[in-house]
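Let me begin by presenting the structure, written as structure tokens, before commenting on it.
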Amino acid sequence: MAVDLSTDQAYMKMALGLARRGLGRTSPNPCVGAVVVKGGQVVGKGWHRRAGEPHAEINALSAAGELARGGTIYVTLEPCNHHGRTPPCSKAILAAGISRVVYGMADPNPMAGGGGACLAGGGLEVVAGVLADDCRRLNLSFSKRVNTGRPWVLLKAAVSLDGRIATASGRSKWITGEQARHLVHRLRDRNDAILVGSGTVLADDPSLTTRLPGGVGRDPLRVILDRHLTTPPAAKVVAHNSPAATWIFCGPEAEADKEQRLQRPGVEIRRVGLEADGTLRLGEVLDQLGQAGITTLLVEGGGRVHGSFLRLELADEVAFFIAPLLIGGDGMAVVGELGLTDLGRAPRLHEIERRRCGEDFLIRGLLRPLTGQGS
């Protein structure tokens, strides 16, 4: 029996809402939600909670039980068709007696894809591409890591109206207000890793942990760019009691005795090559993070680090919290030199979100159109 497109879209929106519950918890897997419907009633719901646990389809089918037979399953991502840490969802759907499958986006992982074709070959009606853009947007980071081996890179900063992140003396606490800072900690909770340069460590001695009300949230992997290993052994990112590790990337010429002073449980020193300008090769940093299963990386600057990611076209998204204050031209810029001579080559945001955070504003957007992601 034909089903109206608006009905399919309504249930897919429900599945998307479920999928978002897994944000920041499923790496290196995608966020996925599923809804089982029979006779116009929702009989089962589920989402992927974390890697190694049952996928969204399995949770939804378990909730539905025998009511799944003859029903429709809506899932944001094409059901997987391979046996990894969990069995293939395509087989579970066939075994449950589902008669119709509706999914949003094809699985970009060639090892896991093909579930739609498998289910269609098993005699089920399969509908693909319902709210495809919304489903792709939810898993841009997963798609990028599958296609490039590197994590999704989000540049974040708290800036004044005139684009400064600190005064000339380096003071930056606090440019933005409490509501904006709360959102920053939510970003940390949802990202696998957080990165700063050694200048930020020396100036602010940040802990780079997640501090949300009630002690909820997780600490991301801390990543420090420190060519010469100037990070003090007493720095909070080194002498910490967080369950999250700290990786310090240095250059090939960093002194061995400095490396030895920084070594302790939970701290890794990793050497990478240098660019022609003497900065660390960020591409190598991203490759190592991707190989470790890091899917999302939050970059908190400062300006030189932001500039490097933008100049090398390694950033995917920007989130700037803008405060209604002026610091002046002698303050520290949010983005270092880009070497632009033509405005047409300036990084430009797409898919822009604007949000009020108390007296501050969040401007967030992709650095490339949605159609260009994952390439």
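Ordered as shown in the structure tokens, chains take letters A, B, and onward, while each chain numbers its residues from 1 and ligands are numbered from 1 in the order shown.
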Residues of range 286-317 of chain A at most 10 Å from range 351-371 of chain A: nearest atom pair and distance in Å, only C-alpha atoms, as a Markdown table:
```
| residue | atom | partner | partner_atom | distance |
| --- | --- | --- | --- | --- |
| A:Leu310 | CA | A:Leu367 | CA | 9.3 |
| A:Glu313 | CA | A:Leu367 | CA | 9.0 |
| A:Leu314 | CA | A:Leu367 | CA | 9.8 |
| A:Ala315 | CA | A:Leu367 | CA | 7.2 |
| A:Asp316 | CA | A:Leu367 | CA | 5.3 |
| A:Glu317 | CA | A:Leu366 | CA | 4.3 |
```
What residues in range 34-245 of chain A get the DSSP label strand (DSSP E)? Please answer as a PyMOL selection string. chain A and resi 34-38+41-47+72-77+100-105+125-128+152-159+164-166+193-197+221-225
Select, from A:Ser27, A:Asn81, A:Gln291, A:Thr86, the residue with the minimum atom-to-atom distance to Asn191 in chain A, counting only C-alpha atoms.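 Smallest separation from Asn191 in chain A among the options: A:Ser27.
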Using only C-alpha atoms, what does the table of range 251-369 of chain A residues within 6 Å of range 156-179 of chain A look like, with each row giving the shortest atom pair and its distance in Å to one decimal, sorted by chain and ascending number, as JSON lines?
```
{"residue": "A:Val299", "atom": "CA", "partner": "A:Lys156", "partner_atom": "CA", "distance": 5.9}
{"residue": "A:Glu300", "atom": "CA", "partner": "A:Lys156", "partner_atom": "CA", "distance": 5.2}
{"residue": "A:Ala319", "atom": "CA", "partner": "A:Lys156", "partner_atom": "CA", "distance": 4.8}
{"residue": "A:Phe320", "atom": "CA", "partner": "A:Ala157", "partner_atom": "CA", "distance": 5.0}
{"residue": "A:Phe321", "atom": "CA", "partner": "A:Ala158", "partner_atom": "CA", "distance": 4.7}
{"residue": "A:Ile322", "atom": "CA", "partner": "A:Val159", "partner_atom": "CA", "distance": 5.0}
{"residue": "A:Ala323", "atom": "CA", "partner": "A:Ser160", "partner_atom": "CA", "distance": 5.0}
{"residue": "A:Pro324", "atom": "CA", "partner": "A:Leu161", "partner_atom": "CA", "distance": 5.8}
{"residue": "A:Leu325", "atom": "CA", "partner": "A:Ser160", "partner_atom": "CA", "distance": 5.4}
{"residue": "A:Leu326", "atom": "CA", "partner": "A:Ser160", "partner_atom": "CA", "distance": 5.6}
{"residue": "A:Asp330", "atom": "CA", "partner": "A:Ala168", "partner_atom": "CA", "distance": 5.4}
{"residue": "A:Gly331", "atom": "CA", "partner": "A:Thr167", "partner_atom": "CA", "distance": 4.3}
{"residue": "A:Met332", "atom": "CA", "partner": "A:Ala166", "partner_atom": "CA", "distance": 5.2}
{"residue": "A:Ala333", "atom": "CA", "partner": "A:Arg164", "partner_atom": "CA", "distance": 4.5}
{"residue": "A:Val334", "atom": "CA", "partner": "A:Arg164", "partner_atom": "CA", "distance": 5.4}
{"residue": "A:Cys357", "atom": "CA", "partner": "A:Gln179", "partner_atom": "CA", "distance": 5.5}
{"residue": "A:Gly358", "atom": "CA", "partner": "A:Gln179", "partner_atom": "CA", "distance": 5.9}
```
Select from range 138-198 of chain A every residue with an atom at most 8 Å from any atom of range 225-247 of chain A, then for each give the shortest pair of atoms and their distance in Å to one decimal, using only C-alpha atoms, rows by chain and rising number, as a Markdown table.
```
| residue | atom | partner | partner_atom | distance |
| --- | --- | --- | --- | --- |
| A:Leu195 | CA | A:Leu225 | CA | 7.5 |
| A:Val196 | CA | A:Leu225 | CA | 6.4 |
| A:Gly197 | CA | A:Leu225 | CA | 4.7 |
| A:Ser198 | CA | A:Asp226 | CA | 5.0 |
```
Take the residues that were just selected and, keeping C-alpha atoms, output them as an mmCIF file, in the first residue's frame.
```cif
data_model
loop_
_atom_site.group_PDB
_atom_site.id
_atom_site.type_symbol
_atom_site.label_atom_id
_atom_site.label_comp_id
_atom_site.auth_asym_id
_atom_site.auth_seq_id
_atom_site.Cartn_x
_atom_site.Cartn_y
_atom_site.Cartn_z
ATOM 1 C CA LEU A 195 42.986 21.161 20.350
ATOM 2 C CA VAL A 196 44.918 24.284 21.335
ATOM 3 C CA GLY A 197 48.376 25.644 20.670
ATOM 4 C CA SER A 198 51.151 25.835 23.226
#
```
Can you work out the spacing between CA of His48 in chain A and CA of Asp4 in chain A in Å, to one decimal?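 Taking CA of His48 in chain A as the start and CA of Asp4 in chain A as the end point, the length is 27.2 Å.
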Test item: residues at most 12 Å from Gly17 in chain A, only C-alpha atoms, excluding those fewer than 6 positions along its chain, as a list in words: Ala10, Tyr11, Leu23, Cys31, Val32, Gly33, Ala34, Val35, Lys45, Gly46, Trp47, His48, Val75, Thr76, Asp134, Cys135 and Leu138 of chain A
Written selection (N, CA, C and O atoms) as an mmCIF file, in the first residue's frame:
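Wrote it out as again_3.cif, contents follow:
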```cif
data_model
loop_
_atom_site.group_PDB
_atom_site.id
_atom_site.type_symbol
_atom_site.label_atom_id
_atom_site.label_comp_id
_atom_site.auth_asym_id
_atom_site.auth_seq_id
_atom_site.Cartn_x
_atom_site.Cartn_y
_atom_site.Cartn_z
ATOM 1 N N ALA A 10 7.527 12.559 8.378
ATOM 2 C CA ALA A 10 7.210 12.761 9.798
ATOM 3 C C ALA A 10 7.900 11.709 10.665
ATOM 4 O O ALA A 10 8.475 12.022 11.720
ATOM 5 N N TYR A 11 7.860 10.460 10.229
ATOM 6 C CA TYR A 11 8.514 9.406 11.010
ATOM 7 C C TYR A 11 10.037 9.516 10.928
ATOM 8 O O TYR A 11 10.742 9.192 11.897
ATOM 9 N N LEU A 23 24.682 11.944 19.955
ATOM 10 C CA LEU A 23 25.744 12.866 19.580
ATOM 11 C C LEU A 23 26.860 12.872 20.623
ATOM 12 O O LEU A 23 26.610 13.005 21.819
ATOM 13 N N CYS A 31 25.853 8.519 14.222
ATOM 14 C CA CYS A 31 24.634 8.659 15.022
ATOM 15 C C CYS A 31 23.463 8.174 14.177
ATOM 16 O O CYS A 31 23.275 8.640 13.053
ATOM 17 N N VAL A 32 22.666 7.259 14.719
ATOM 18 C CA VAL A 32 21.561 6.675 13.955
ATOM 19 C C VAL A 32 20.351 6.527 14.863
ATOM 20 O O VAL A 32 20.477 6.151 16.028
ATOM 21 N N GLY A 33 19.172 6.836 14.304
ATOM 22 C CA GLY A 33 17.915 6.618 14.997
ATOM 23 C C GLY A 33 16.981 5.771 14.155
ATOM 24 O O GLY A 33 17.073 5.776 12.924
ATOM 25 N N ALA A 34 16.090 5.026 14.805
ATOM 26 C CA ALA A 34 15.167 4.144 14.091
ATOM 27 C C ALA A 34 13.797 4.130 14.765
ATOM 28 O O ALA A 34 13.704 4.213 16.000
ATOM 29 N N VAL A 35 12.759 4.018 13.951
ATOM 30 C CA VAL A 35 11.383 3.958 14.434
ATOM 31 C C VAL A 35 10.658 2.840 13.686
ATOM 32 O O VAL A 35 10.747 2.759 12.454
ATOM 33 N N LYS A 45 11.028 2.179 19.167
ATOM 34 C CA LYS A 45 11.973 3.266 18.903
ATOM 35 C C LYS A 45 13.335 2.873 19.461
ATOM 36 O O LYS A 45 13.424 2.158 20.454
ATOM 37 N N GLY A 46 14.396 3.408 18.817
ATOM 38 C CA GLY A 46 15.734 3.131 19.320
ATOM 39 C C GLY A 46 16.764 4.020 18.661
ATOM 40 O O GLY A 46 16.503 4.634 17.629
ATOM 41 N N TRP A 47 17.929 4.111 19.281
ATOM 42 C CA TRP A 47 19.038 4.852 18.692
ATOM 43 C C TRP A 47 20.340 4.166 19.102
ATOM 44 O O TRP A 47 20.382 3.392 20.068
ATOM 45 N N HIS A 48 21.377 4.439 18.342
ATOM 46 C CA HIS A 48 22.696 3.892 18.656
ATOM 47 C C HIS A 48 23.282 4.722 19.799
ATOM 48 O O HIS A 48 23.470 5.923 19.665
ATOM 49 N N VAL A 75 14.799 4.484 9.360
ATOM 50 C CA VAL A 75 16.142 4.586 9.925
ATOM 51 C C VAL A 75 16.909 5.667 9.176
ATOM 52 O O VAL A 75 16.798 5.808 7.966
ATOM 53 N N THR A 76 17.651 6.475 9.928
ATOM 54 C CA THR A 76 18.314 7.643 9.335
ATOM 55 C C THR A 76 19.461 7.267 8.410
ATOM 56 O O THR A 76 19.811 8.025 7.512
ATOM 57 N N ASP A 134 19.011 16.254 5.736
ATOM 58 C CA ASP A 134 19.013 16.307 7.199
ATOM 59 C C ASP A 134 19.824 15.141 7.778
ATOM 60 O O ASP A 134 20.565 15.309 8.752
ATOM 61 N N CYS A 135 19.667 13.972 7.172
ATOM 62 C CA CYS A 135 20.396 12.803 7.664
ATOM 63 C C CYS A 135 21.885 12.935 7.392
ATOM 64 O O CYS A 135 22.713 12.568 8.239
ATOM 65 N N LEU A 138 23.522 15.391 9.853
ATOM 66 C CA LEU A 138 23.735 14.815 11.186
ATOM 67 C C LEU A 138 25.056 14.059 11.264
ATOM 68 O O LEU A 138 25.709 14.043 12.306
#
```
Going by DSSP on the backbone, which bits of range 146-367 of chain A are alpha helix (DSSP H)? Write them as a PDB file with C-alpha atoms, in the first residue's frame, please.
```
ATOM      1  CA  VAL A 146      35.206   7.436   6.294  1.00  0.00           C
ATOM      2  CA  ASN A 147      36.117   9.267   3.073  1.00  0.00           C
ATOM      3  CA  THR A 148      39.356  10.982   4.157  1.00  0.00           C
ATOM      4  CA  GLU A 178      27.807  32.495  31.252  1.00  0.00           C
ATOM      5  CA  GLN A 179      25.283  31.217  28.689  1.00  0.00           C
ATOM      6  CA  ALA A 180      27.883  31.187  25.918  1.00  0.00           C
ATOM      7  CA  ARG A 181      30.400  29.447  28.155  1.00  0.00           C
ATOM      8  CA  HIS A 182      27.807  26.796  28.999  1.00  0.00           C
ATOM      9  CA  LEU A 183      27.342  26.099  25.282  1.00  0.00           C
ATOM     10  CA  VAL A 184      31.111  25.781  24.885  1.00  0.00           C
ATOM     11  CA  HIS A 185      31.134  23.022  27.491  1.00  0.00           C
ATOM     12  CA  ARG A 186      28.322  21.277  25.643  1.00  0.00           C
ATOM     13  CA  LEU A 187      30.493  21.425  22.528  1.00  0.00           C
ATOM     14  CA  ARG A 188      33.376  19.866  24.449  1.00  0.00           C
ATOM     15  CA  ASP A 189      31.068  17.126  25.678  1.00  0.00           C
ATOM     16  CA  ARG A 190      29.984  16.302  22.110  1.00  0.00           C
ATOM     17  CA  SER A 198      51.151  25.835  23.226  1.00  0.00           C
ATOM     18  CA  GLY A 199      50.665  29.619  23.411  1.00  0.00           C
ATOM     19  CA  THR A 200      47.194  29.086  24.886  1.00  0.00           C
ATOM     20  CA  VAL A 201      48.594  26.605  27.416  1.00  0.00           C
ATOM     21  CA  LEU A 202      51.319  29.039  28.511  1.00  0.00           C
ATOM     22  CA  ALA A 203      48.991  32.059  28.671  1.00  0.00           C
ATOM     23  CA  ASP A 204      45.877  30.519  30.263  1.00  0.00           C
ATOM     24  CA  ALA A 256      64.473  14.383  24.486  1.00  0.00           C
ATOM     25  CA  ASP A 257      64.860  15.624  28.069  1.00  0.00           C
ATOM     26  CA  LYS A 258      61.780  17.838  27.698  1.00  0.00           C
ATOM     27  CA  GLU A 259      59.834  14.855  26.391  1.00  0.00           C
ATOM     28  CA  GLN A 260      60.966  12.795  29.365  1.00  0.00           C
ATOM     29  CA  ARG A 261      59.799  15.449  31.864  1.00  0.00           C
ATOM     30  CA  LEU A 262      56.319  15.442  30.337  1.00  0.00           C
ATOM     31  CA  LEU A 282      48.526  19.668  10.754  1.00  0.00           C
ATOM     32  CA  GLY A 283      47.649  17.092   8.106  1.00  0.00           C
ATOM     33  CA  GLU A 284      49.798  14.552   9.954  1.00  0.00           C
ATOM     34  CA  VAL A 285      48.130  15.503  13.229  1.00  0.00           C
ATOM     35  CA  LEU A 286      44.690  14.911  11.713  1.00  0.00           C
ATOM     36  CA  ASP A 287      45.799  11.618  10.174  1.00  0.00           C
ATOM     37  CA  GLN A 288      46.953  10.313  13.555  1.00  0.00           C
ATOM     38  CA  LEU A 289      43.730  11.415  15.234  1.00  0.00           C
ATOM     39  CA  GLY A 290      41.631   9.759  12.535  1.00  0.00           C
ATOM     40  CA  GLN A 291      43.601   6.515  12.850  1.00  0.00           C
ATOM     41  CA  GLY A 303      44.592  32.998  16.329  1.00  0.00           C
ATOM     42  CA  ARG A 304      47.722  31.489  14.821  1.00  0.00           C
ATOM     43  CA  VAL A 305      46.288  27.974  15.086  1.00  0.00           C
ATOM     44  CA  HIS A 306      42.956  29.068  13.586  1.00  0.00           C
ATOM     45  CA  GLY A 307      44.823  30.791  10.781  1.00  0.00           C
ATOM     46  CA  SER A 308      46.843  27.674  10.011  1.00  0.00           C
ATOM     47  CA  PHE A 309      43.765  25.447   9.782  1.00  0.00           C
ATOM     48  CA  LEU A 310      42.028  27.969   7.512  1.00  0.00           C
ATOM     49  CA  ARG A 311      45.051  28.689   5.339  1.00  0.00           C
TER      50      ARG A 311
END
```
With distances taken over only C-alpha atoms, which of A:Leu16, A:Val335, A:Val153, A:Val223 is nearest to Ala132 in chain A?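 Of A:Leu16, A:Val335, A:Val153, A:Val223, the one nearest Ala132 in chain A, counting only C-alpha atoms, is A:Leu16.
Within 8 Å of Ile93 in chain A, once only C-alpha atoms are used and residues closer than 5 positions along the same chain are dropped, the contacting residues are Glu57, Leu61 and Ile98 of chain A.
CA of Ser99 in chain A is found 14.6 Å from CA of Ala128 in chain A.
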Would you please work out which residue, of A:Leu280, A:Val102, A:Ile269, A:Leu140, is nearest to Glu125 in chain A when using only C-alpha atoms? A:Val102
Determine the nearest neighbour of Asn59 in chain A from the options A:Leu18, A:Val101, A:Leu124, A:Leu94, counting only C-alpha atoms. A:Leu18
One number please: CA of Glu66 in chain A to CA of Lys38 in chain A, in Å, one decimal.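 Interatomic distance here is 10.9 Å.
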Nearest candidate to Leu5 in chain A (options A:Val36, A:Ala63, A:Ala106, A:Val130; using only C-alpha atoms): A:Val130
Do a neighbour search on Gly116 in chain A at 12 Å with only C-alpha atoms, toss out local chain neighbours closer than 2 positions, and write the hits as number ranges by chain. A: 75, 77-81, 88-91, 93-94, 100-107, 112-114, 118-129
